[in-house]
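Quick look at data_8.txt (compact mmCIF, C-alpha atoms):
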```txt
# COMPACT_ATOMS: atom_id res chain seq x y z
CA MET A 193 -43.14 -150.58 226.46
CA ARG A 194 -43.62 -152.05 223.01
CA TYR A 195 -44.29 -155.40 224.63
CA CYS A 196 -47.00 -153.86 226.83
CA ARG A 197 -48.68 -152.24 223.84
CA LYS A 198 -48.74 -155.61 222.09
CA VAL A 199 -50.30 -157.26 225.11
CA LEU A 200 -52.96 -154.55 225.34
CA SER A 201 -53.80 -154.94 221.67
CA PHE A 202 -54.28 -158.68 222.12
CA ALA A 203 -56.52 -158.03 225.11
CA ALA A 204 -58.61 -155.46 223.25
CA ALA A 205 -59.12 -157.90 220.39
CA GLY A 206 -60.32 -160.57 222.78
CA TYR A 207 -57.54 -163.05 222.16
CA VAL A 208 -56.31 -163.10 225.74
CA LYS A 209 -58.06 -162.57 229.04
CA LEU A 210 -56.01 -160.12 231.05
CA PRO A 211 -58.13 -158.71 233.87
CA CYS A 212 -55.09 -157.02 235.37
CA VAL A 213 -53.65 -155.34 232.29
CA ALA A 214 -56.52 -152.95 231.64
CA SER A 215 -56.15 -151.32 235.06
CA PHE A 216 -52.49 -152.04 235.91
CA HIS A 217 -49.76 -149.83 234.47
CA ILE A 218 -46.83 -152.07 233.55
CA LYS A 219 -43.58 -150.15 233.62
CA GLN A 220 -41.32 -153.21 233.39
CA PRO A 221 -40.53 -155.06 230.14
CA CYS A 222 -42.09 -158.45 229.68
CA ILE A 223 -41.62 -161.42 227.35
CA ILE A 224 -44.55 -162.81 225.35
CA ARG A 225 -44.56 -166.48 224.38
CA SER A 226 -47.27 -167.93 222.14
CA PHE A 227 -48.09 -171.63 221.91
CA PRO A 228 -49.65 -173.74 219.11
CA ASN A 229 -52.83 -174.19 221.15
CA GLY A 230 -53.41 -170.41 221.11
CA ASN A 231 -52.35 -169.66 224.68
CA ILE A 232 -50.06 -166.73 225.44
CA ASN A 233 -47.62 -166.60 228.33
CA LEU A 234 -46.27 -163.38 229.84
CA SER A 235 -42.97 -163.33 231.77
CA PHE A 236 -42.29 -160.39 234.10
CA SER A 237 -39.44 -159.48 236.31
CA GLU A 238 -39.59 -160.42 240.01
CA THR A 239 -40.71 -156.95 241.05
CA THR A 240 -43.50 -156.88 238.52
CA GLU A 241 -44.63 -160.37 239.51
CA ARG A 242 -44.90 -159.29 243.15
CA SER A 243 -46.97 -156.29 242.12
CA MET A 244 -49.18 -158.46 239.95
CA SER A 245 -49.67 -160.95 242.78
CA SER A 246 -50.74 -158.15 245.08
CA PHE A 247 -53.23 -156.93 242.48
CA ASP A 248 -54.61 -160.44 242.01
CA ARG A 249 -55.25 -160.65 245.75
CA GLU A 250 -57.10 -157.34 245.64
CA GLU A 251 -59.21 -158.55 242.70
CA THR A 252 -60.02 -161.77 244.54
CA ASN A 253 -61.08 -159.90 247.66
CA HIS A 254 -63.20 -157.48 245.57
CA GLN A 255 -64.97 -160.35 243.80
CA ALA A 256 -65.65 -162.06 247.13
CA SER A 257 -67.11 -158.81 248.45
CA GLN A 258 -69.41 -158.56 245.42
CA ASP A 259 -70.58 -162.16 245.86
CA GLN A 260 -71.35 -161.53 249.54
CA SER A 261 -73.36 -158.41 248.64
CA GLN A 262 -75.41 -160.36 246.11
CA ASN A 263 -76.07 -163.10 248.67
CA ASP A 264 -77.18 -160.50 251.22
CA PHE A 265 -79.56 -158.97 248.64
CA ASN A 266 -81.05 -162.35 247.78
CA SER A 267 -81.56 -163.13 251.48
CA ALA A 268 -83.27 -159.80 252.08
CA ALA A 269 -85.57 -160.35 249.10
CA ALA A 270 -86.47 -163.79 250.39
CA ASP A 271 -87.33 -162.38 253.81
CA GLU A 272 -89.72 -159.74 252.38
CA PRO A 273 -93.43 -160.66 252.52
CA LYS A 274 -94.63 -161.93 249.17
CA ASN A 275 -97.65 -160.39 247.49
CA ASP A 276 -99.55 -163.26 245.97
CA SER A 277 -102.32 -161.03 244.60
CA ILE A 278 -102.29 -160.96 240.81
CA GLU A 279 -103.66 -158.07 238.80
CA PRO A 280 -106.93 -159.39 237.30
CA LYS A 281 -107.00 -159.45 233.55
CA PRO A 282 -109.90 -157.82 231.71
CA VAL A 283 -112.75 -160.25 231.14
CA ARG A 284 -113.39 -161.01 227.52
CA LYS A 285 -117.05 -160.75 226.52
CA THR A 286 -118.76 -162.00 223.40
CA HIS A 287 -122.03 -161.42 221.56
CA THR A 288 -122.28 -165.16 220.95
CA MET A 289 -123.34 -165.76 224.58
CA THR A 290 -126.22 -164.29 226.59
CA VAL A 291 -128.10 -164.74 229.83
CA CYS A 292 -131.76 -164.13 229.08
CA MET A 293 -135.41 -164.78 229.83
CA VAL A 294 -137.31 -166.97 227.35
CA PRO A 295 -140.96 -168.05 227.64
CA PRO A 296 -140.90 -171.75 228.59
CA PRO A 297 -141.58 -173.89 225.50
CA SER A 298 -144.63 -175.33 227.27
CA TYR A 299 -146.41 -171.98 226.67
CA VAL A 300 -147.18 -172.82 223.06
CA GLN A 301 -149.69 -169.99 222.59
CA VAL A 302 -147.12 -167.37 223.59
CA TRP A 303 -144.51 -168.82 221.26
CA GLN A 304 -146.93 -169.01 218.32
CA SER A 305 -148.24 -165.47 218.76
CA VAL A 306 -144.81 -163.86 219.14
CA SER A 307 -143.37 -165.88 216.25
CA SER A 308 -146.30 -164.84 214.03
CA MET A 309 -145.61 -161.18 214.77
CA ARG A 310 -141.91 -161.57 214.04
CA GLU A 311 -142.56 -163.38 210.77
CA LEU A 312 -145.11 -160.76 209.69
CA LEU A 313 -142.58 -158.01 210.42
CA ARG A 314 -139.80 -159.92 208.61
CA ASP A 315 -137.57 -160.01 211.66
CA PRO A 316 -133.89 -160.48 210.68
CA GLY A 317 -133.31 -162.48 213.89
CA LEU A 318 -136.15 -164.96 213.37
CA PHE A 319 -133.76 -167.90 212.93
CA ARG A 320 -130.96 -166.78 215.25
CA TRP A 321 -132.93 -165.71 218.33
CA PRO A 322 -135.83 -167.31 220.25
CA PRO A 323 -138.39 -164.91 221.77
CA HIS A 324 -136.25 -163.50 224.56
CA VAL A 325 -135.41 -160.67 226.94
CA ASN A 326 -131.67 -160.20 227.37
CA LEU A 327 -130.52 -159.82 230.97
CA LEU A 328 -126.72 -159.93 230.58
CA TYR A 329 -125.55 -159.29 227.02
CA PRO A 330 -122.86 -159.51 225.79
CA PHE A 331 -121.76 -162.17 228.27
CA VAL A 332 -118.37 -163.55 229.32
CA ASP A 333 -116.62 -165.74 226.76
CA LEU A 334 -116.25 -169.12 228.44
CA GLU A 335 -114.08 -170.45 225.62
CA ALA A 336 -111.47 -167.67 225.76
CA MET A 337 -108.11 -169.39 226.27
CA THR A 338 -105.00 -167.99 227.92
CA GLU A 339 -101.52 -168.78 226.57
CA GLN A 340 -100.91 -171.10 229.53
CA ASP A 341 -104.15 -172.98 228.82
CA GLU A 342 -103.13 -173.45 225.19
CA GLU A 343 -99.71 -174.75 226.19
CA GLU A 344 -101.29 -177.22 228.59
CA GLY A 345 -103.71 -178.36 225.89
CA ALA A 346 -106.59 -178.51 228.36
CA LYS A 347 -109.18 -176.40 226.53
CA GLN A 348 -112.08 -178.78 227.09
CA ASP A 349 -111.41 -179.13 230.81
CA LYS A 350 -110.90 -175.39 231.27
CA THR A 351 -114.13 -174.54 229.42
CA SER A 352 -116.10 -177.08 231.44
CA SER A 353 -114.69 -175.71 234.69
CA ARG A 354 -115.55 -172.13 233.72
CA LEU A 355 -119.06 -173.19 232.75
CA GLU A 356 -119.71 -174.84 236.12
CA GLU A 357 -118.35 -171.81 237.97
CA THR A 358 -120.44 -169.42 235.86
CA VAL A 359 -123.65 -171.40 236.33
CA GLY A 360 -122.98 -171.52 240.07
CA ARG A 361 -122.76 -167.72 240.21
CA LEU A 362 -125.96 -167.38 238.18
CA ARG A 363 -127.69 -169.74 240.59
CA ALA A 364 -126.50 -167.61 243.53
CA ALA A 365 -128.50 -164.73 242.04
CA THR A 366 -131.62 -166.63 240.97
CA GLN A 367 -132.15 -168.49 244.25
CA GLU A 368 -132.99 -165.18 245.91
CA ILE A 369 -135.90 -164.50 243.51
CA SER A 370 -139.11 -166.55 243.59
CA PRO A 371 -140.81 -167.48 240.28
CA PHE A 372 -143.10 -164.72 239.01
CA SER A 373 -145.61 -164.08 236.23
CA VAL A 374 -144.77 -162.08 233.11
CA SER A 375 -147.28 -160.47 230.74
CA LEU A 376 -146.34 -159.17 227.30
CA ASN A 377 -149.03 -156.52 227.44
CA ALA A 378 -147.72 -153.45 225.58
CA PHE A 379 -145.77 -152.43 222.48
CA GLY A 380 -142.86 -150.02 222.50
CA THR A 381 -140.29 -148.57 220.13
CA PHE A 382 -136.93 -146.88 220.19
CA GLY A 383 -134.60 -145.58 217.53
CA GLY A 384 -134.20 -142.51 215.34
CA ARG A 385 -133.47 -141.48 211.78
CA ASN A 386 -131.20 -144.45 211.04
CA ARG A 387 -132.65 -147.30 213.07
CA GLY A 388 -135.89 -148.46 214.60
CA VAL A 389 -136.86 -151.33 216.90
CA LEU A 390 -140.35 -152.57 217.77
CA TRP A 391 -140.66 -154.57 220.97
CA LEU A 392 -143.00 -156.03 223.58
CA TYR A 393 -142.83 -154.91 227.20
CA PRO A 394 -142.41 -157.78 229.71
CA ASP A 395 -144.52 -156.64 232.66
CA SER A 396 -143.62 -158.58 235.80
CA GLY A 397 -146.26 -157.04 238.03
CA THR A 398 -147.56 -153.80 239.46
CA ILE A 399 -146.45 -152.85 242.95
CA ARG A 400 -147.79 -149.87 244.82
CA ALA A 401 -145.53 -148.03 247.20
CA LYS A 402 -146.54 -148.00 250.84
CA GLU A 403 -147.30 -144.75 252.56
CA GLY A 404 -144.09 -142.80 253.08
CA GLU A 405 -142.11 -145.09 250.74
CA SER A 406 -140.68 -143.88 247.44
CA SER A 407 -141.81 -145.82 244.39
CA ASP A 408 -138.29 -145.51 242.98
CA SER A 409 -137.00 -147.80 245.75
CA ILE A 410 -139.34 -150.65 244.72
CA LEU A 411 -138.10 -153.08 242.10
CA LEU A 412 -140.34 -155.29 240.04
CA PRO A 413 -139.29 -158.97 240.18
CA LEU A 414 -137.65 -158.84 236.74
CA MET A 415 -135.71 -155.69 237.62
CA GLU A 416 -134.66 -157.17 240.96
CA LEU A 417 -133.46 -160.34 239.25
CA HIS A 418 -131.41 -158.28 236.80
CA ALA A 419 -129.85 -156.27 239.64
CA LYS A 420 -128.77 -159.45 241.46
CA LEU A 421 -127.29 -160.87 238.26
CA GLU A 422 -125.23 -157.71 237.80
CA VAL A 423 -123.91 -158.11 241.35
CA GLN A 424 -122.55 -161.52 240.39
CA PHE A 425 -121.24 -160.27 237.03
CA PRO A 426 -120.38 -156.56 237.45
CA MET A 427 -118.42 -156.63 234.19
CA CYS A 428 -121.65 -157.27 232.24
CA GLN A 429 -123.60 -154.06 232.87
CA ASP A 430 -123.86 -153.11 229.20
CA LEU A 431 -127.67 -153.20 229.15
CA SER A 432 -127.92 -150.88 232.15
CA HIS A 433 -125.61 -148.38 230.48
CA LYS A 434 -127.59 -148.52 227.24
CA GLY A 435 -130.98 -148.05 228.88
CA GLY A 436 -132.67 -144.69 229.09
CA GLY A 437 -131.41 -142.72 232.08
CA GLY A 438 -128.75 -145.34 232.82
CA LYS A 439 -131.33 -147.93 233.89
CA PHE A 440 -132.09 -151.38 232.57
CA SER A 441 -135.03 -151.30 230.13
CA PRO A 442 -136.27 -154.87 229.55
CA HIS A 443 -137.83 -155.52 226.14
CA MET A 444 -138.60 -158.44 223.83
CA THR A 445 -137.55 -157.45 220.32
CA LEU A 446 -140.04 -158.19 217.54
CA SER A 447 -138.13 -156.72 214.59
CA HIS A 448 -135.64 -154.12 213.37
CA PHE A 449 -136.38 -151.31 210.91
CA GLU A 450 -134.49 -148.70 208.95
CA ASN A 451 -135.86 -145.86 211.07
CA LEU A 452 -138.24 -145.06 213.90
CA THR A 453 -141.04 -143.99 211.54
CA ASP A 454 -141.21 -147.48 210.05
CA ALA A 455 -141.21 -149.03 213.52
CA LEU A 456 -144.15 -146.83 214.59
CA ALA A 457 -146.09 -147.77 211.46
CA ALA A 458 -145.51 -151.47 212.23
CA GLN A 459 -146.71 -150.92 215.78
CA ALA A 460 -149.97 -149.41 214.56
CA MET A 461 -150.49 -152.38 212.26
CA LEU A 462 -149.92 -154.94 215.04
CA GLU A 463 -152.23 -153.14 217.44
CA GLU A 464 -155.05 -153.57 214.93
CA ASN A 465 -154.43 -157.27 214.33
CA PHE A 466 -153.19 -158.79 217.61
CA VAL A 467 -154.60 -159.01 221.12
CA LEU A 468 -152.00 -159.07 223.90
CA ASP A 469 -154.26 -160.13 226.78
CA GLU A 470 -153.34 -163.81 226.53
CA LEU A 471 -149.53 -163.45 226.27
CA SER A 472 -148.60 -164.40 229.83
CA PHE A 473 -146.32 -167.08 231.29
CA LEU A 474 -144.62 -168.14 234.51
CA MET A 475 -141.01 -167.07 234.75
CA ASP A 476 -139.37 -169.91 236.68
CA ARG A 477 -135.91 -170.02 235.09
CA ILE A 478 -133.35 -168.11 233.06
CA TYR A 479 -131.22 -169.46 230.25
CA LEU A 480 -127.55 -169.34 229.33
CA LEU A 481 -127.50 -169.40 225.51
CA GLN A 482 -124.72 -169.72 222.97
CA ARG A 483 -124.46 -169.68 219.19
CA LYS A 484 -121.65 -170.90 216.98
CA GLY A 485 -120.51 -168.75 214.08
CA ASP A 486 -122.20 -165.84 212.31
CA GLY A 487 -124.95 -168.03 210.92
CA GLY A 488 -125.54 -170.02 214.09
CA GLN A 489 -128.64 -170.23 216.26
CA PHE A 490 -128.73 -169.62 220.01
CA HIS A 491 -129.04 -172.94 221.86
CA ARG A 492 -129.52 -173.77 225.54
CA VAL A 493 -126.23 -174.31 227.37
CA ALA A 494 -127.78 -174.19 230.85
CA GLU A 495 -131.10 -173.60 232.57
CA ILE A 496 -130.95 -171.91 235.96
CA TYR A 497 -134.09 -172.05 238.09
CA LEU A 498 -135.55 -169.33 240.30
CA GLY A 499 -136.31 -169.64 244.00
CA SER A 500 -134.96 -171.69 246.85
CA ASN A 501 -136.77 -174.89 245.86
CA ASN A 502 -134.52 -177.60 244.51
CA TYR A 503 -134.87 -178.64 240.91
CA ALA A 504 -132.94 -180.82 238.52
CA ASN A 505 -131.22 -183.33 240.77
CA ASN A 506 -131.31 -180.97 243.76
CA GLN A 507 -128.87 -178.54 242.14
CA GLY A 508 -131.18 -175.77 241.00
CA PHE A 509 -129.83 -175.84 237.46
CA GLU A 510 -129.26 -178.04 234.43
CA ILE A 511 -126.17 -177.98 232.23
CA HIS A 512 -126.46 -179.37 228.71
CA GLN A 513 -123.09 -180.75 227.65
CA THR A 514 -124.44 -180.64 224.10
CA PRO A 515 -126.34 -177.33 223.69
CA LEU A 516 -130.02 -177.90 222.85
CA PRO A 517 -132.21 -175.89 220.46
CA PHE A 518 -135.64 -174.68 221.56
CA PRO A 519 -138.51 -176.88 220.28
CA GLY A 520 -140.36 -174.00 218.61
CA MET A 521 -137.41 -172.66 216.61
CA PRO A 522 -136.94 -173.09 212.83
CA THR A 523 -134.37 -175.68 211.86
CA THR A 524 -133.02 -173.76 208.85
CA GLU A 525 -132.58 -170.10 207.93
CA VAL A 526 -134.76 -169.40 204.90
CA ASP A 527 -133.58 -167.02 202.17
CA TRP A 528 -135.62 -163.97 203.15
CA VAL A 529 -134.43 -164.17 206.79
CA TYR A 530 -130.83 -164.35 205.61
CA GLN A 531 -131.30 -161.39 203.28
CA GLU A 532 -132.93 -159.31 206.02
CA ARG A 533 -130.11 -160.21 208.41
CA MET A 534 -127.45 -159.18 205.89
CA ALA A 535 -129.28 -155.89 205.25
CA LEU A 536 -129.40 -155.17 208.99
CA LYS A 537 -125.71 -156.01 209.32
CA LYS A 538 -124.89 -153.60 206.50
CA ARG A 539 -126.87 -150.78 208.14
CA ARG A 540 -125.15 -151.38 211.45
CA ASN A 541 -121.71 -151.30 209.86
CA TRP A 542 -122.55 -148.02 208.13
CA SER A 543 -123.94 -146.56 211.33
CA GLY A 544 -120.87 -147.64 213.30
CA ASN A 545 -118.52 -146.02 210.80
CA ASN A 546 -120.41 -142.72 210.98
CA ARG A 547 -121.31 -142.71 214.66
CA GLY A 548 -118.21 -140.82 215.72
CA SER A 549 -119.02 -137.83 213.54
CA ARG A 550 -122.76 -137.80 214.29
CA LYS A 551 -122.77 -138.07 218.06
CA ASN A 552 -120.61 -134.98 218.52
CA ARG A 553 -122.88 -132.64 216.60
CA ARG A 554 -124.53 -130.05 218.80
CA GLY A 555 -128.23 -130.40 219.30
CA ARG A 556 -128.33 -134.01 218.05
CA ARG A 557 -130.11 -136.38 220.42
CA ARG A 558 -128.50 -139.78 220.84
CA ASP A 559 -130.74 -142.80 220.23
CA ASP A 560 -130.01 -144.60 223.46
CA GLY A 561 -132.66 -146.68 225.13
CA PRO A 562 -136.35 -147.25 224.58
CA ARG A 563 -138.64 -144.24 224.26
CA VAL A 564 -142.35 -143.84 224.86
CA PRO A 565 -144.07 -143.48 221.46
CA ASP A 566 -146.02 -140.32 220.72
CA THR A 567 -149.79 -140.48 220.54
CA PRO A 568 -151.47 -139.88 217.15
CA GLU A 569 -152.57 -136.45 218.38
CA GLU A 570 -149.00 -135.56 219.37
CA ILE A 571 -147.67 -136.68 215.99
CA GLU A 572 -150.27 -134.60 214.18
CA ARG A 573 -149.45 -131.56 216.31
CA LYS A 574 -145.75 -131.81 215.51
CA ARG A 575 -146.47 -132.17 211.80
CA THR A 576 -148.67 -129.07 211.86
CA GLU A 577 -145.96 -127.07 213.63
CA ARG A 578 -143.37 -128.11 211.06
CA ARG A 579 -145.70 -127.25 208.16
CA LEU A 580 -146.48 -123.80 209.59
CA LYS A 581 -142.77 -123.18 210.14
CA ARG A 582 -141.97 -124.05 206.52
CA GLU A 583 -144.75 -121.73 205.29
CA ARG A 584 -143.51 -118.89 207.51
CA LEU A 585 -139.93 -119.26 206.30
CA ALA A 586 -141.09 -119.38 202.69
CA GLN A 587 -143.14 -116.19 203.20
CA GLU A 588 -140.20 -114.39 204.82
CA GLN A 589 -137.95 -115.37 201.92
CA SER A 590 -140.54 -114.11 199.43
CA ASP A 591 -140.81 -110.76 201.24
CA GLN A 592 -137.02 -110.38 201.21
CA ASP A 593 -136.94 -111.04 197.47
CA LYS A 594 -139.59 -108.38 196.85
CA ASP A 595 -137.70 -105.82 198.96
CA SER A 596 -134.48 -106.48 197.08
CA ILE A 597 -136.26 -105.93 193.73
CA HIS A 598 -137.82 -102.62 194.80
CA SER A 599 -134.57 -101.38 196.27
```
Please go through the file and, once you have read it, give me the structure as structure tokens.
Amino acid sequence: MRYCRKVLSFAAAGYVKLPCVASFHIKQPCIIRSFPNGNINLSFSETTERSMSSFDREETNHQASQDQSQNDFNSAAADEPKNDSIEPKPVRKTHTMTVCMVPPPSYVQVWQSVSSMRELLRDPGLFRWPPHVNLLYPFVDLEAMTEQDEEEGAKQDKTSSRLEETVGRLRAATQEISPFSVSLNAFGTFGGRNRGVLWLYPDSGTIRAKEGESSDSILLPLMELHAKLEVQFPMCQDLSHKGGGGKFSPHMTLSHFENLTDALAAQAMLEENFVLDELSFLMDRIYLLQRKGDGGQFHRVAEIYLGSNNYANNQGFEIHQTPLPFPGMPTTEVDWVYQERMALKKRRNWSGNNRGSRKNRRGRRRDDGPRVPDTPEEIERKRTERRLKRERLAQEQSDQDKDSIHS
């Protein structure tokens, strides 16, 4: 038995491979011979050798049975129908790309008037943004690379392919909408205690509902265009979710302010100094814009035309391999624009850090979407109500103080 214990100890230490020893009880003595090359030879009696040979045959048959089972499993797996559908990965969006409406540069009067307003209001986006109405923003990041793309080293080809596919989908939406007129004929504001925005309303026409037809079912051309774009890009419905009542609220931003009160004061000033009757243009295309870096300017990547008529080499769109700036845009960002942009960025960062605690307070209205500004009479009425309330509370506090003294 001492020989068997020695063999088992060698096997446990990994020096010899004895598949039979671990499960075969050896009751017969055996002789162990070691060789210079590290091999070990075991000599058994005839009876033990016969038993070992029988066990070897069983092990061989068992291994063959296992191999056959694995082959049967592989065959069954191969016969099963394959599901080639791949779970779609979330689309990456970026604020450096947008699909928007911009007055065509040929409408010089519109560009000059809107730019004058923005400069007078010290708009932080004067250098970055052209006069525009965002339709899909943020938009899909065409330069987002997968690990496979990076391994293949085909970034330029992949980006170009995505761009062509994206422009084709935009064209599928715009070809269903005929060109239409847009008038920037009214001011509007939205915001609250910590932010304010003054904007122009892009009116794309007035449509009266027919008898027996709900006016809610009628879409203005600009709203209809936006709806068709969202059908092509359902992952880019951010503007619809931000709008008041869950609806898209088109607006052309003129400037940002620290609060709504400042935005309303700026609106009153513009209404005294600017006439909006002449700010109209033909909307015959939309733009895919992109900027590079934090200090970059939005340039034209593609122009997608409206309607079924063929433009631009019978394709209905133009792709600029080298993005082009708009002719009426400044070529450099002057100091005051940069300072205003940094101040706005700081306010947004502060607001974002405190938004979680503010939005959960009871009774606090969220500042989502454009709001209709109050009339001067309504503002005066609210101020009078607040003043009377303060006077009433002060009087009640004074009466309580007098009662406590007399008591």
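Here CA of Glu569 (chain A) is placed at a distance of 17.7 Å from CA of Ala458 (chain A).
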Find the residue from A:Glu525, A:Glu510, A:Glu450, A:Asp469 that sits nearest to Glu356 (chain A); use only C-alpha atoms when measuring.
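When distances to Glu356 (chain A) are compared using only C-alpha atoms, the smallest one comes from A:Glu510.
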Proximity to Leu480 (chain A) - best of A:Ser305, A:Ser352, A:Thr358, A:Gln587, all atoms listed in the file
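For Leu480 (chain A), the nearest of the candidates is A:Thr358.
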Quick check, in Å to one decimal: how far apart do CA of Gly384 (chain A) and CA of Pro316 (chain A) lie?
18.6 Å
CA of Phe331 (chain A) and CA of Asp430 (chain A), how far apart in Å?
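Result for CA of Asp430 (chain A) versus CA of Phe331 (chain A): 9.3 Å, one decimal.
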Axis-aligned box for region 411-417 of chain A, 6 Å per side, centre and edges in Å as AutoDock Vina command-line options:
```
--center_x -136.9 --center_y -156.7 --center_z 239.4 --size_x 18.9 --size_y 19.3 --size_z 17.4
```
What residues have an atom no more than 9 Å from (-138.5, -152.8, 210.4) in the file's own frame, counting only C-alpha atoms, and can you write them as a list of chain:residue names?
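Residues found, by chain and rising number: A:Leu313, A:Arg314, A:Asp315, A:Pro316, A:Arg387, A:Gly388, A:Val389, A:Leu390, A:Ser447, A:His448, A:Phe449, A:Glu450, A:Asn451, A:Leu452, A:Asp454, A:Ala455, A:Ala458.
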